[in-house]
Structures are given as structure tokens and as C-alpha cells.
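Structure file final_23.txt with compact mmCIF, C-alpha atoms and all ligand atoms:
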```
# COMPACT_ATOMS: atom_id res chain seq x y z
CA MET A 1 -9.56 4.64 19.58
CA GLN A 2 -9.03 6.59 16.34
CA ILE A 3 -11.99 6.48 13.95
CA SER A 4 -12.46 7.31 10.28
CA PHE A 5 -15.22 6.86 7.70
CA GLU A 6 -15.71 6.12 4.02
CA VAL A 7 -18.38 7.76 1.86
CA TYR A 8 -19.01 7.72 -1.89
CA PRO A 9 -20.06 10.44 -4.36
CA PRO A 10 -23.88 10.43 -4.54
CA ARG A 11 -25.22 8.70 -7.65
CA LYS A 12 -28.05 11.23 -8.00
CA GLU A 13 -27.94 14.98 -7.40
CA GLU A 14 -30.90 14.74 -5.01
CA ASP A 15 -28.87 12.49 -2.67
CA THR A 16 -26.30 15.24 -2.04
CA PRO A 17 -28.09 16.89 0.94
CA LYS A 18 -28.26 13.52 2.74
CA LEU A 19 -24.52 13.02 2.29
CA ARG A 20 -23.77 16.57 3.49
CA GLU A 21 -25.89 16.02 6.59
CA ALA A 22 -24.02 12.74 7.18
CA ILE A 23 -20.66 14.53 6.90
CA PHE A 24 -21.75 17.13 9.49
CA ARG A 25 -22.99 14.43 11.88
CA LEU A 26 -19.96 12.18 11.41
CA THR A 27 -17.68 15.17 12.04
CA GLU A 28 -19.23 15.48 15.53
CA LEU A 29 -17.62 12.08 16.33
CA ASP A 30 -14.17 13.64 15.67
CA PRO A 31 -12.91 11.29 12.94
CA LYS A 32 -9.30 11.64 11.80
CA PHE A 33 -10.34 11.51 8.13
CA ILE A 34 -13.27 10.85 5.85
CA SER A 35 -12.37 9.01 2.67
CA VAL A 36 -14.21 9.33 -0.64
CA THR A 37 -14.33 6.48 -3.13
CA PHE A 38 -13.21 6.89 -6.73
CA GLY A 39 -14.69 5.48 -9.88
CA ALA A 40 -16.69 2.92 -7.93
CA GLY A 41 -20.33 2.94 -9.04
CA GLY A 42 -19.55 5.06 -12.11
CA SER A 43 -18.54 8.22 -10.24
CA SER A 44 -16.17 10.57 -12.02
CA THR A 45 -13.16 12.55 -10.82
CA ARG A 46 -15.39 15.66 -10.60
CA ASP A 47 -17.92 13.87 -8.34
CA SER A 48 -15.18 12.67 -5.97
CA LEU A 49 -13.47 16.06 -5.90
CA SER A 50 -16.69 17.86 -5.11
CA VAL A 51 -17.31 15.66 -2.03
CA LEU A 52 -13.65 15.97 -0.96
CA LYS A 53 -13.83 19.76 -1.19
CA PHE A 54 -17.03 19.77 0.85
CA ILE A 55 -15.22 17.81 3.59
CA ARG A 56 -12.20 20.12 3.34
CA ASP A 57 -14.42 23.19 3.84
CA ASN A 58 -16.96 21.86 6.35
CA SER A 59 -15.31 19.22 8.52
CA THR A 60 -12.45 18.98 10.98
CA ALA A 61 -11.70 15.56 9.45
CA SER A 62 -9.12 15.48 6.66
CA PRO A 63 -10.49 14.56 3.23
CA LEU A 64 -8.77 11.43 1.92
CA ALA A 65 -9.12 10.75 -1.80
CA HIS A 66 -9.29 7.18 -3.12
CA LEU A 67 -7.56 6.97 -6.51
CA THR A 68 -7.28 4.00 -8.86
CA CYS A 69 -4.64 3.50 -11.53
CA VAL A 70 -5.38 0.30 -13.43
CA GLY A 71 -5.03 0.79 -17.19
CA THR A 72 -3.91 4.46 -16.95
CA THR A 73 -0.62 5.70 -18.36
CA GLU A 74 1.93 7.12 -15.96
CA ALA A 75 1.44 10.58 -17.50
CA ASP A 76 -2.35 10.44 -16.99
CA ALA A 77 -1.96 9.19 -13.41
CA LYS A 78 0.44 12.06 -12.67
CA GLU A 79 -2.01 14.56 -14.11
CA LEU A 80 -4.83 13.11 -11.99
CA VAL A 81 -2.77 13.37 -8.80
CA SER A 82 -1.79 16.97 -9.69
CA GLU A 83 -5.45 17.86 -10.20
CA PHE A 84 -6.27 16.72 -6.64
CA LEU A 85 -3.18 18.42 -5.20
CA GLY A 86 -4.20 21.61 -7.00
CA GLU A 87 -7.52 21.52 -5.14
CA GLY A 88 -5.72 21.22 -1.81
CA ILE A 89 -6.31 17.47 -1.42
CA SER A 90 -3.04 15.86 -0.43
CA ASP A 91 -4.07 12.67 1.39
CA PHE A 92 -4.75 9.63 -0.78
CA LEU A 93 -5.76 5.97 -0.69
CA ALA A 94 -3.77 4.56 -3.60
CA LEU A 95 -5.50 1.61 -5.26
CA ARG A 96 -5.07 -0.47 -8.33
CA GLY A 97 -8.81 -0.73 -8.98
CA ASP A 98 -10.51 -3.82 -10.37
CA LEU A 99 -9.41 -5.29 -13.68
CA PRO A 100 -12.01 -4.93 -16.44
CA GLU A 101 -14.18 -8.07 -16.63
CA GLY A 102 -12.47 -10.94 -18.41
CA LYS A 103 -9.02 -9.28 -18.36
CA THR A 104 -6.05 -10.64 -16.42
CA HIS A 105 -3.47 -8.15 -17.72
CA MET A 106 -3.47 -4.52 -18.77
CA PRO A 107 -1.90 -3.06 -21.93
CA PRO A 108 1.87 -2.45 -21.86
CA GLY A 109 2.76 1.08 -20.83
CA THR A 110 -0.12 1.33 -18.36
CA LEU A 111 -0.12 0.97 -14.57
CA SER A 112 -1.19 -2.36 -13.12
CA ARG A 113 -0.28 -2.26 -9.41
CA ALA A 114 -1.09 0.05 -6.52
CA ASP A 115 2.58 0.38 -5.46
CA GLN A 116 3.24 2.19 -8.77
CA LEU A 117 0.61 4.77 -7.82
CA VAL A 118 2.00 5.11 -4.28
CA LYS A 119 5.36 6.02 -5.80
CA LEU A 120 3.84 8.51 -8.26
CA ILE A 121 1.87 10.22 -5.48
CA GLY A 122 5.03 10.57 -3.37
CA GLU A 123 6.88 12.12 -6.30
CA ALA A 124 4.01 14.48 -7.24
CA ARG A 125 3.49 15.64 -3.65
CA ALA A 126 7.23 16.37 -3.35
CA ASP A 127 7.83 18.39 -0.16
CA ARG A 128 4.17 18.80 0.77
CA GLN A 129 2.79 17.00 3.82
CA GLY A 130 0.36 14.19 3.13
CA ILE A 131 -0.48 10.58 3.72
CA THR A 132 -0.75 7.71 1.27
CA ALA A 133 -2.93 4.88 2.50
CA VAL A 134 -3.28 1.56 0.65
CA ALA A 135 -5.63 -1.45 0.71
CA ALA A 136 -5.07 -4.70 2.60
CA PHE A 137 -7.05 -7.95 2.55
CA PRO A 138 -7.44 -9.94 5.80
CA ASN A 139 -8.84 -12.96 3.94
CA GLY A 140 -6.59 -12.54 0.90
CA HIS A 141 -7.18 -10.57 -2.28
CA PRO A 142 -9.33 -12.64 -4.68
CA GLU A 143 -6.43 -12.84 -7.18
CA SER A 144 -3.83 -13.91 -4.62
CA GLY A 145 -3.27 -17.62 -4.23
CA LYS A 146 -2.38 -19.77 -1.23
CA ASP A 147 1.00 -18.04 -0.90
CA ARG A 148 -0.89 -14.77 -0.25
CA SER A 149 0.69 -12.65 -2.98
CA ASP A 150 -1.41 -9.78 -1.61
CA ILE A 151 1.04 -9.67 1.31
CA ALA A 152 3.93 -9.35 -1.16
CA ALA A 153 1.86 -6.57 -2.75
CA LEU A 154 1.41 -4.93 0.66
CA LEU A 155 5.17 -5.04 1.25
CA ALA A 156 5.76 -3.48 -2.18
CA LYS A 157 3.31 -0.68 -1.27
CA GLN A 158 5.10 -0.17 2.06
CA GLU A 159 8.46 0.04 0.29
CA ALA A 160 7.01 2.53 -2.23
CA GLY A 161 6.17 4.85 0.68
CA ALA A 162 2.69 3.90 1.93
CA SER A 163 1.84 5.36 5.34
CA PHE A 164 -0.69 2.74 6.49
CA ALA A 165 -3.30 0.33 5.12
CA ILE A 166 -7.07 0.09 5.42
CA THR A 167 -8.52 -3.39 5.19
CA GLN A 168 -11.27 -4.85 3.13
CA LEU A 169 -14.33 -5.64 5.24
CA PHE A 170 -14.31 -8.91 7.19
CA PHE A 171 -16.78 -10.52 9.56
CA PHE A 172 -14.77 -12.09 12.41
CA ALA A 173 -12.13 -10.50 14.65
CA GLU A 174 -9.82 -13.49 14.18
CA ASP A 175 -9.75 -12.89 10.39
CA TYR A 176 -8.08 -9.54 11.09
CA LEU A 177 -5.94 -10.67 14.04
CA ASN A 178 -4.56 -13.70 12.15
CA PHE A 179 -3.85 -11.51 9.14
CA LEU A 180 -2.05 -8.99 11.36
CA SER A 181 0.25 -11.75 12.68
CA LEU A 182 0.88 -13.10 9.17
CA ALA A 183 1.63 -9.65 7.75
CA ARG A 184 3.97 -8.81 10.66
CA SER A 185 5.77 -12.15 10.25
CA ARG A 186 6.42 -11.26 6.60
CA GLY A 187 7.82 -7.81 7.35
CA VAL A 188 4.83 -5.47 7.15
CA THR A 189 5.45 -2.81 9.80
CA MET A 190 2.91 -0.10 8.88
CA ASP A 191 -0.43 0.21 10.69
CA LEU A 192 -3.22 -1.97 9.29
CA THR A 193 -6.52 -0.29 10.10
CA PRO A 194 -9.51 -2.65 10.11
CA GLY A 195 -12.38 -1.68 7.79
CA ILE A 196 -15.78 -2.41 9.33
CA MET A 197 -19.10 -2.46 7.49
CA PRO A 198 -22.45 -2.70 9.27
CA ILE A 199 -24.52 -5.05 7.08
CA VAL A 200 -28.17 -4.30 7.71
CA SER A 201 -29.93 -6.34 5.02
CA PRO A 202 -29.56 -9.63 3.12
CA ASN A 203 -29.39 -7.63 -0.13
CA ARG A 204 -26.47 -5.57 1.07
CA LEU A 205 -24.74 -8.74 2.23
CA SER A 206 -25.15 -10.37 -1.20
CA ARG A 207 -23.94 -7.24 -2.97
CA VAL A 208 -20.78 -6.85 -0.86
CA LEU A 209 -19.93 -10.55 -1.14
CA GLU A 210 -20.25 -10.23 -4.91
CA LEU A 211 -18.06 -7.10 -4.99
CA THR A 212 -15.38 -8.29 -2.60
CA GLY A 213 -15.28 -12.04 -3.18
CA GLU A 214 -15.45 -12.60 0.61
CA ARG A 215 -16.91 -15.89 1.89
CA LYS A 216 -20.49 -15.73 3.17
CA PRO A 217 -20.68 -15.50 6.99
CA ALA A 218 -23.34 -18.19 7.56
CA GLU A 219 -24.51 -17.05 10.98
CA LEU A 220 -24.91 -13.38 10.01
CA ALA A 221 -26.69 -14.38 6.79
CA GLN A 222 -29.06 -16.60 8.74
CA ARG A 223 -29.82 -13.96 11.37
CA LEU A 224 -30.47 -11.30 8.70
CA GLY A 225 -32.67 -13.74 6.80
CA GLN A 226 -34.73 -14.62 9.87
CA ALA A 227 -35.26 -11.04 11.07
CA GLU A 228 -38.87 -10.01 10.55
CA ASP A 229 -38.60 -6.41 9.47
CA ALA A 230 -36.14 -3.66 8.57
CA ALA A 231 -35.74 -2.57 12.21
CA SER A 232 -34.83 -6.12 13.30
CA ARG A 233 -32.40 -6.50 10.38
CA ARG A 234 -30.75 -3.20 11.34
CA GLU A 235 -30.44 -4.47 14.90
CA VAL A 236 -28.75 -7.67 13.69
CA GLY A 237 -26.25 -5.75 11.50
CA ILE A 238 -25.43 -3.12 14.08
CA SER A 239 -24.97 -5.53 16.94
CA TRP A 240 -22.71 -7.76 14.77
CA ALA A 241 -20.50 -4.81 13.76
CA ALA A 242 -20.44 -3.38 17.30
CA SER A 243 -19.26 -6.74 18.74
CA LEU A 244 -16.57 -6.87 16.07
CA VAL A 245 -15.31 -3.37 16.96
CA ARG A 246 -15.41 -4.24 20.68
CA GLU A 247 -13.40 -7.46 20.17
CA LEU A 248 -10.82 -5.58 18.10
CA ALA A 249 -10.53 -2.85 20.74
CA ASP A 250 -10.12 -5.49 23.47
CA ALA A 251 -7.33 -7.07 21.40
CA GLY A 252 -5.48 -3.73 21.35
CA THR A 253 -6.54 -2.33 17.96
CA GLU A 254 -6.03 1.43 17.99
CA ALA A 255 -8.04 2.55 14.95
CA VAL A 256 -11.11 1.49 12.98
CA HIS A 257 -12.41 2.68 9.61
CA LEU A 258 -16.16 2.44 9.05
CA TYR A 259 -17.87 2.07 5.70
CA ALA A 260 -20.67 4.59 6.29
CA PHE A 261 -22.82 4.18 3.14
CA ASN A 262 -23.40 7.96 3.10
CA GLU A 263 -25.43 7.99 6.29
CA TYR A 264 -24.47 8.49 9.91
CA ALA A 265 -27.02 6.70 12.12
CA ASN A 266 -25.82 3.10 11.68
CA VAL A 267 -22.10 3.71 12.05
CA THR A 268 -22.68 6.08 14.99
CA GLU A 269 -24.73 3.41 16.75
CA VAL A 270 -22.04 0.78 16.05
CA LEU A 271 -19.35 2.96 17.65
CA ARG A 272 -21.60 3.97 20.55
CA ARG A 273 -22.45 0.36 21.41
CA ALA A 274 -18.83 -0.67 21.10
CA GLY A 275 -18.03 2.05 23.66
CA VAL A 276 -15.76 3.90 21.24
CA VAL A 277 -17.70 7.22 21.14
P1 LIG A 301 -2.69 -4.17 -5.68
O1 LIG A 301 -2.05 -3.83 -4.39
O2 LIG A 301 -2.02 -3.71 -6.92
O3 LIG A 301 -2.86 -5.76 -5.70
C1 LIG A 301 -3.69 -6.46 -6.59
C2 LIG A 301 -3.21 -7.89 -6.74
O4 LIG A 301 -2.09 -7.86 -7.61
C3 LIG A 301 -2.70 -8.55 -5.43
O5 LIG A 301 -3.62 -9.35 -4.78
C4 LIG A 301 -1.61 -9.44 -5.94
O6 LIG A 301 -2.21 -10.66 -6.35
C5 LIG A 301 -1.07 -8.73 -7.15
N1 LIG A 301 0.16 -7.95 -6.83
C6 LIG A 301 0.29 -6.59 -6.82
N2 LIG A 301 1.55 -6.24 -6.49
C7 LIG A 301 2.23 -7.39 -6.30
C8 LIG A 301 3.56 -7.69 -5.92
N3 LIG A 301 4.48 -6.72 -5.73
N4 LIG A 301 3.92 -8.99 -5.78
C9 LIG A 301 3.02 -9.98 -5.99
N5 LIG A 301 1.74 -9.75 -6.34
C10 LIG A 301 1.34 -8.49 -6.49
N6 LIG A 301 -11.92 0.21 -5.97
C11 LIG A 301 -12.33 1.28 -6.72
O7 LIG A 301 -12.50 1.15 -7.93
N7 LIG A 301 -12.57 2.51 -6.12
C12 LIG A 301 -12.40 2.71 -4.79
O8 LIG A 301 -12.61 3.82 -4.30
C13 LIG A 301 -11.99 1.60 -3.98
N8 LIG A 301 -11.78 1.75 -2.65
C14 LIG A 301 -11.30 0.68 -1.91
C15 LIG A 301 -11.03 0.86 -0.54
C16 LIG A 301 -10.55 -0.19 0.22
C17 LIG A 301 -10.24 0.03 1.70
C18 LIG A 301 -10.33 -1.48 -0.37
C19 LIG A 301 -9.84 -2.63 0.46
C20 LIG A 301 -10.60 -1.67 -1.72
C21 LIG A 301 -11.08 -0.60 -2.51
N9 LIG A 301 -11.31 -0.74 -3.89
C22 LIG A 301 -11.74 0.34 -4.64
C23 LIG A 301 -11.14 -2.05 -4.54
C24 LIG A 301 -9.70 -2.28 -5.06
O9 LIG A 301 -9.41 -1.38 -6.10
C25 LIG A 301 -9.64 -3.74 -5.55
O10 LIG A 301 -9.75 -4.59 -4.45
C26 LIG A 301 -8.46 -4.13 -6.42
O11 LIG A 301 -8.75 -5.41 -6.99
C27 LIG A 301 -7.14 -4.29 -5.69
O12 LIG A 301 -6.59 -3.09 -5.41
P2 LIG A 301 -5.16 -2.96 -4.64
O13 LIG A 301 -4.91 -1.52 -4.54
O14 LIG A 301 -5.15 -3.77 -3.42
O15 LIG A 301 -4.20 -3.64 -5.74
```
Would you write out, as C-alpha cells, the structure that this file holds?
Ligand code: FAD
Amino acid sequence: MQISFEVYPPRKEEDTPKLREAIFRLTELDPKFISVTFGAGGSSTRDSLSVLKFIRDNSTASPLAHLTCVGTTEADAKELVSEFLGEGISDFLALRGDLPEGKTHMPPGTLSRADQLVKLIGEARADRQGITAVAAFPNGHPESGKDRSDIAALLAKQEAGASFAITQLFFFAEDYLNFLSLARSRGVTMDLTPGIMPIVSPNRLSRVLELTGERKPAELAQRLGQAEDAASRREVGISWAASLVRELADAGTEAVHLYAFNEYANVTEVLRRAGVV
């Protein structure tokens, strides 16, 4: 099974050594790529680029740069992509980004959909090799209604030149497998790589539900709540994520992407228990 990881630029300078150690240890698992978030948590372009360059210079995994475009002009988005290309980063995860709180539309003349960024990246990269990943949402994007406009969005990203998609986290294998069938039935042909997050505390669960708009998984929440100490909570989170990876592998899934939270031990244990590494 192909594996990959997501990390984020450290919020404090003193957290950098921990992330670098994680990148070395994750590299030992032979991931195809390590992706680095953008803008999320207040990080700047410089912070993301510095982590991407560290991966480029110290890992066999390809660095994959998340980029968001919401509210930027086409000229600014082009300049941003060129800056990354100039640093030798040519693989991207093209995202819209979240709308500013209270806004439903962005000013005219600015980008408002990820497929616009996919197209810009393709044009800027020209003849150079590179991949453009995009986001997908097994349980629907929070703004998409019953007709699942996020699948129309996914098709638009595919038509704009996306190579494959990475999914939002989800808690049950059937969420992903049902989504895969739905997406295929509507014409999505690109690979849809499941994104898996080991949730090792009730606080982390609350935070990710708030950020993603996913529905609370009652059983996981209950087990995390009843666990007596940090070690037991870690055990609950790791065993949940490992079972999820195992079920996906048994159903024929060929790749998984793990949200690593800038450390290696939890995701390594998830993959080990799932029999993937
Ligand atoms: P889009 O694909 O543009 O879709 C957004 C919504 O717009 C869709 O649900 C749909 O309702 C509508 N829409 C768009 N196009 C169409 C269309 N053609 N037809 C109909 N409706 C359409 N955020 C960050 O800020 N930084 C990160 O690093 C980051 N990394 C992420 C990584 C992953 C794997 C995922 C899943 C999300 C990540 N996000 C990140 C969050 C992401 O930016 C938000 O979820 C955002 O709200 C949606 O982004 P998108 O690229 O899916 O947007």
C-alpha cells in the first residue's frame, strides 16, 4: 500500500527540531510524499516553504505544497505558484481555503474555487513534471447541499487537470467506500486517497470536528472519554485508526494519507498495526 503524510509548519521556532526528527523517522517508512499545510494556523508562505525545502533536502519523499487561493487575484496566485516552483517545489495540493467568517462570496476579480488554482498551477508549471492533488470530502463539504455539489467541484478539479484527490478525515470505512461509489457513478475517475487521522484525545476530537464540520463519531468519543489516562486514550485512537486502515486495505484501497500532527510515533504505530509497514 502506498503511504504519505501531512505535517504543518511549526507554530513556534522551538518546535522545529521535533518536526525535523519526525520527517527523518517518517522517511524510514518510505512514503511517496510528505505534504505541508498552508496558511492553516497562521503559518506564512515562508514557514511552509522552509519545511518543504527541508523535506526536499533530507527525505526520499517528495515535498507536496498545500496552496490556498480564496480571495487572491489571479496575478497574486500566479506569483505564489512561481515562488514555489523557483524553490524547486513542483507538486501541489490545490485548495480553495476556508471563506473568511461570515462571508459567502469573495470580491469580484478574486479566485473562489480550487479548480481555478489547479488550472493556474498547470499553466505555471508548463512543461515541468509535477502533480496537482486536490481535496475531496467523503461526507460532503460543509457548504455542499444534498445534491453533493462538492462532487461537481471534484469533477471540475479533475477537468482542470488534477492528478488525484486526498480526502478529508472520516471515521468509518463505509463513509469512504460509499463516497468512492458515488464519485465514480458521477464520472470521477482519478484516484481518491483516504485521509486518516489518529485521534488520541477528546480535545483533539472536538477541535477537528469544529474545523471540518464532520459529525461526531459517538462510539469513538465515548471510548476516548472513558479512557483513564493519556496512554489509554492513545491506545483508543491508534486502534481505531489502525482498524480503519485495515478495513480500507481489505476493500482494495491502494494508498492512504496520514495526518501526522508533526510527530511520527502515532502514525507509525497505526500503519504497523494495520500491517501496512
Ligand atoms: P473547492 O473545491 O473550491 O470547493 C468548495 C465548495 O465550493 C464545494 O463544496 C462546493 O460547494 C463549491 N464548488 C466549488 N466548485 C464548484 C463547482 N464547479 N460546482 C459546484 N460547486 C462548486 N485549508 C487551508 O487553509 N490550508 C491547508 O493547508 C488545507 N489543507 C487541506 C488538506 C485536505 C486534504 C483537505 C481535505 C482540506 C484542507 N484544507 C486546508 C481545508 C480546505 O481549504 C477547505 O475545506 C475549503 O473549505 C474547501 O477547499 P476545496 O479546495 O475543497 O474547495
Exercise. Distance CA of Val245 in chain A-CA of Gly195 in chain A, one decimal place?
Worked result: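 Computed distance, CA of Val245 in chain A to CA of Gly195 in chain A, equals 9.8 Å.
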message = One decimal, in Å: what's the spacing between atom C11 of ligand LIG 301 (chain A) and CA of Leu95 in chain A?
response =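 CA of Leu95 in chain A lies 7.0 Å from atom C11 of ligand LIG 301 (chain A).
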Q: Tell me which of A:Glu174, A:Glu247, A:Glu143, A:Glu228 sits closest to ligand LIG 301 (chain A), counting only C-alpha atoms and all ligand atoms.
A: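 Distance minimum relative to ligand LIG 301 (chain A) lands on A:Glu143.
With only C-alpha atoms and all ligand atoms as the basis for measurement, A:Phe38 is the residue among A:Phe84, A:Tyr176, A:Phe170, A:Phe38 that approaches ligand LIG 301 (chain A) most closely.
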May I have a table of the residues of chain A lying at most 8 Å from ligand LIG 301 (chain A), giving each one's closest pair of atoms and their distance in Å to one decimal, counting all atoms listed in the file, ordered by chain and ascending residue number, as a Markdown table?
```
| residue | atom | partner | partner_atom | distance |
| --- | --- | --- | --- | --- |
| A:Tyr8 | CA | A:LIG301 | O8 | 7.9 |
| A:Val36 | CA | A:LIG301 | O8 | 6.8 |
| A:Thr37 | CA | A:LIG301 | O8 | 3.4 |
| A:Phe38 | CA | A:LIG301 | O8 | 4.0 |
| A:Gly39 | CA | A:LIG301 | O7 | 5.2 |
| A:Ala40 | CA | A:LIG301 | N7 | 4.5 |
| A:His66 | CA | A:LIG301 | O8 | 4.9 |
| A:Leu67 | CA | A:LIG301 | O8 | 6.3 |
| A:Thr68 | CA | A:LIG301 | O7 | 6.0 |
| A:Leu93 | CA | A:LIG301 | C15 | 7.3 |
| A:Ala94 | CA | A:LIG301 | O13 | 6.3 |
| A:Leu95 | CA | A:LIG301 | O13 | 3.3 |
| A:Arg96 | CA | A:LIG301 | O13 | 3.9 |
| A:Gly97 | CA | A:LIG301 | O9 | 3.0 |
| A:Asp98 | CA | A:LIG301 | O11 | 4.1 |
| A:Leu99 | CA | A:LIG301 | O11 | 6.7 |
| A:Ser112 | CA | A:LIG301 | O2 | 6.4 |
| A:Arg113 | CA | A:LIG301 | O2 | 3.4 |
| A:Ala114 | CA | A:LIG301 | O2 | 3.9 |
| A:Asp115 | CA | A:LIG301 | O2 | 6.3 |
| A:Val134 | CA | A:LIG301 | O13 | 6.3 |
| A:Ala135 | CA | A:LIG301 | C19 | 4.4 |
| A:Ala136 | CA | A:LIG301 | C19 | 5.6 |
| A:Phe137 | CA | A:LIG301 | C19 | 6.4 |
| A:Gly140 | CA | A:LIG301 | O5 | 7.2 |
| A:His141 | CA | A:LIG301 | O5 | 4.5 |
| A:Pro142 | CA | A:LIG301 | O5 | 6.6 |
| A:Glu143 | CA | A:LIG301 | O6 | 4.8 |
| A:Ser144 | CA | A:LIG301 | O6 | 4.0 |
| A:Gly145 | CA | A:LIG301 | O6 | 7.4 |
| A:Arg148 | CA | A:LIG301 | O6 | 7.5 |
| A:Ser149 | CA | A:LIG301 | N5 | 4.6 |
| A:Asp150 | CA | A:LIG301 | O5 | 3.9 |
| A:Ile151 | CA | A:LIG301 | C9 | 7.6 |
| A:Ala152 | CA | A:LIG301 | N4 | 4.6 |
| A:Ala153 | CA | A:LIG301 | C7 | 3.7 |
| A:Leu154 | CA | A:LIG301 | O1 | 6.2 |
| A:Leu155 | CA | A:LIG301 | N3 | 7.2 |
| A:Ala156 | CA | A:LIG301 | N3 | 5.0 |
| A:Lys157 | CA | A:LIG301 | O1 | 7.0 |
| A:Ala165 | CA | A:LIG301 | C17 | 7.7 |
| A:Ile166 | CA | A:LIG301 | C17 | 4.9 |
| A:Thr167 | CA | A:LIG301 | C19 | 5.0 |
| A:Gln168 | CA | A:LIG301 | C19 | 3.8 |
| A:Leu169 | CA | A:LIG301 | C19 | 7.2 |
| A:Gly195 | CA | A:LIG301 | C17 | 6.7 |
| A:Thr212 | CA | A:LIG301 | O10 | 7.0 |
```
Original post:
Can you tell me, as a ChimeraX atom specification, what residues are no more than 6 Å from Ser59 in chain A when counting only C-alpha atoms, ignoring any on the same chain fewer than 2 positions away?
Top reply: /A:27,55,61
As an exercise, work out the distance from CA of Ser232 in chain A to CA of Arg20 in chain A in Å and give it to one decimal place.
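These two atoms are separated by 27.1 Å.
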Long-range neighbours of Pro9 in chain A as a ChimeraX atom specification, 10 Å cut-off, all atoms listed in the file, 4 positions minimum in chain: /A:13,15-16,19,36-52,262
Notebook entry, point to check: Within 12 Å of Leu177 in chain A, counting only C-alpha atoms, which residues qualify if same-chain residues fewer than 2 places away don't, as number ranges by chain?
Noted result: A: 137-139, 167, 170-175, 179-184, 192-194, 244, 247-253
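Nearest to Arg233 in chain A of all the residues A:Ala221, A:Val200, A:Leu205, A:Met106 is A:Val200, based on only C-alpha atoms.
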Select, from A:Ala124, A:Ser243, A:Glu235, A:Val277, the residue with the minimum atom-to-atom distance to Ile196 in chain A, counting all atoms listed in the file.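 Under the stated criterion, the closest residue is A:Ser243.
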Would you list the contacts of range 265-267 of chain A as a PDB file with C-alpha atoms, in the frame of the given file, taking every protein, DNA or RNA residue within 10 Å and counting all atoms listed in the file, but skipping same-chain residues closer than 6 positions in sequence?
```
ATOM      1  CA  PHE A   5     -15.220   6.860   7.700  1.00  0.00           C
ATOM      2  CA  ALA A  22     -24.020  12.740   7.180  1.00  0.00           C
ATOM      3  CA  ARG A  25     -22.990  14.430  11.880  1.00  0.00           C
ATOM      4  CA  LEU A  26     -19.960  12.180  11.410  1.00  0.00           C
ATOM      5  CA  ILE A 196     -15.780  -2.410   9.330  1.00  0.00           C
ATOM      6  CA  MET A 197     -19.100  -2.460   7.490  1.00  0.00           C
ATOM      7  CA  PRO A 198     -22.450  -2.700   9.270  1.00  0.00           C
ATOM      8  CA  ILE A 199     -24.520  -5.050   7.080  1.00  0.00           C
ATOM      9  CA  VAL A 200     -28.170  -4.300   7.710  1.00  0.00           C
ATOM     10  CA  ARG A 234     -30.750  -3.200  11.340  1.00  0.00           C
ATOM     11  CA  GLU A 235     -30.440  -4.470  14.900  1.00  0.00           C
ATOM     12  CA  GLY A 237     -26.250  -5.750  11.500  1.00  0.00           C
ATOM     13  CA  ILE A 238     -25.430  -3.120  14.080  1.00  0.00           C
ATOM     14  CA  ALA A 241     -20.500  -4.810  13.760  1.00  0.00           C
ATOM     15  CA  ALA A 242     -20.440  -3.380  17.300  1.00  0.00           C
ATOM     16  CA  LEU A 258     -16.160   2.440   9.050  1.00  0.00           C
ATOM     17  CA  TYR A 259     -17.870   2.070   5.700  1.00  0.00           C
ATOM     18  CA  ARG A 273     -22.450   0.360  21.410  1.00  0.00           C
TER      19      ARG A 273
END
```
Among A:Ala231, A:Leu209, A:Val81, A:Cys69, Leu111 in chain A is approached most closely, using all atoms listed in the file, by A:Cys69
Practice prompt. For Ala126 in chain A, work out the shell of residues within 12 Å, counting only C-alpha atoms and skipping chain neighbours fewer than 5 positions away, then give it as a ChimeraX atom specification.
Written response: /A:81-82,85,90,119-121,131
The residue from A:Asp147, A:Val236, A:Gly88, A:Pro217 with the smallest atom-to-atom distance to Arg128 in chain A, counting all atoms listed in the file, is A:Gly88
Provide an axis-aligned box for all listed atoms of range 183-189 of chain A, padding each side by 6 Å; report its centre and its edge lengths in Å to one decimal, as lines of an AutoDock Vina configuration file.
```
center_x = 4.7
center_y = -7.5
center_z = 8.6
size_x = 18.2
size_y = 21.3
size_z = 16.1
```
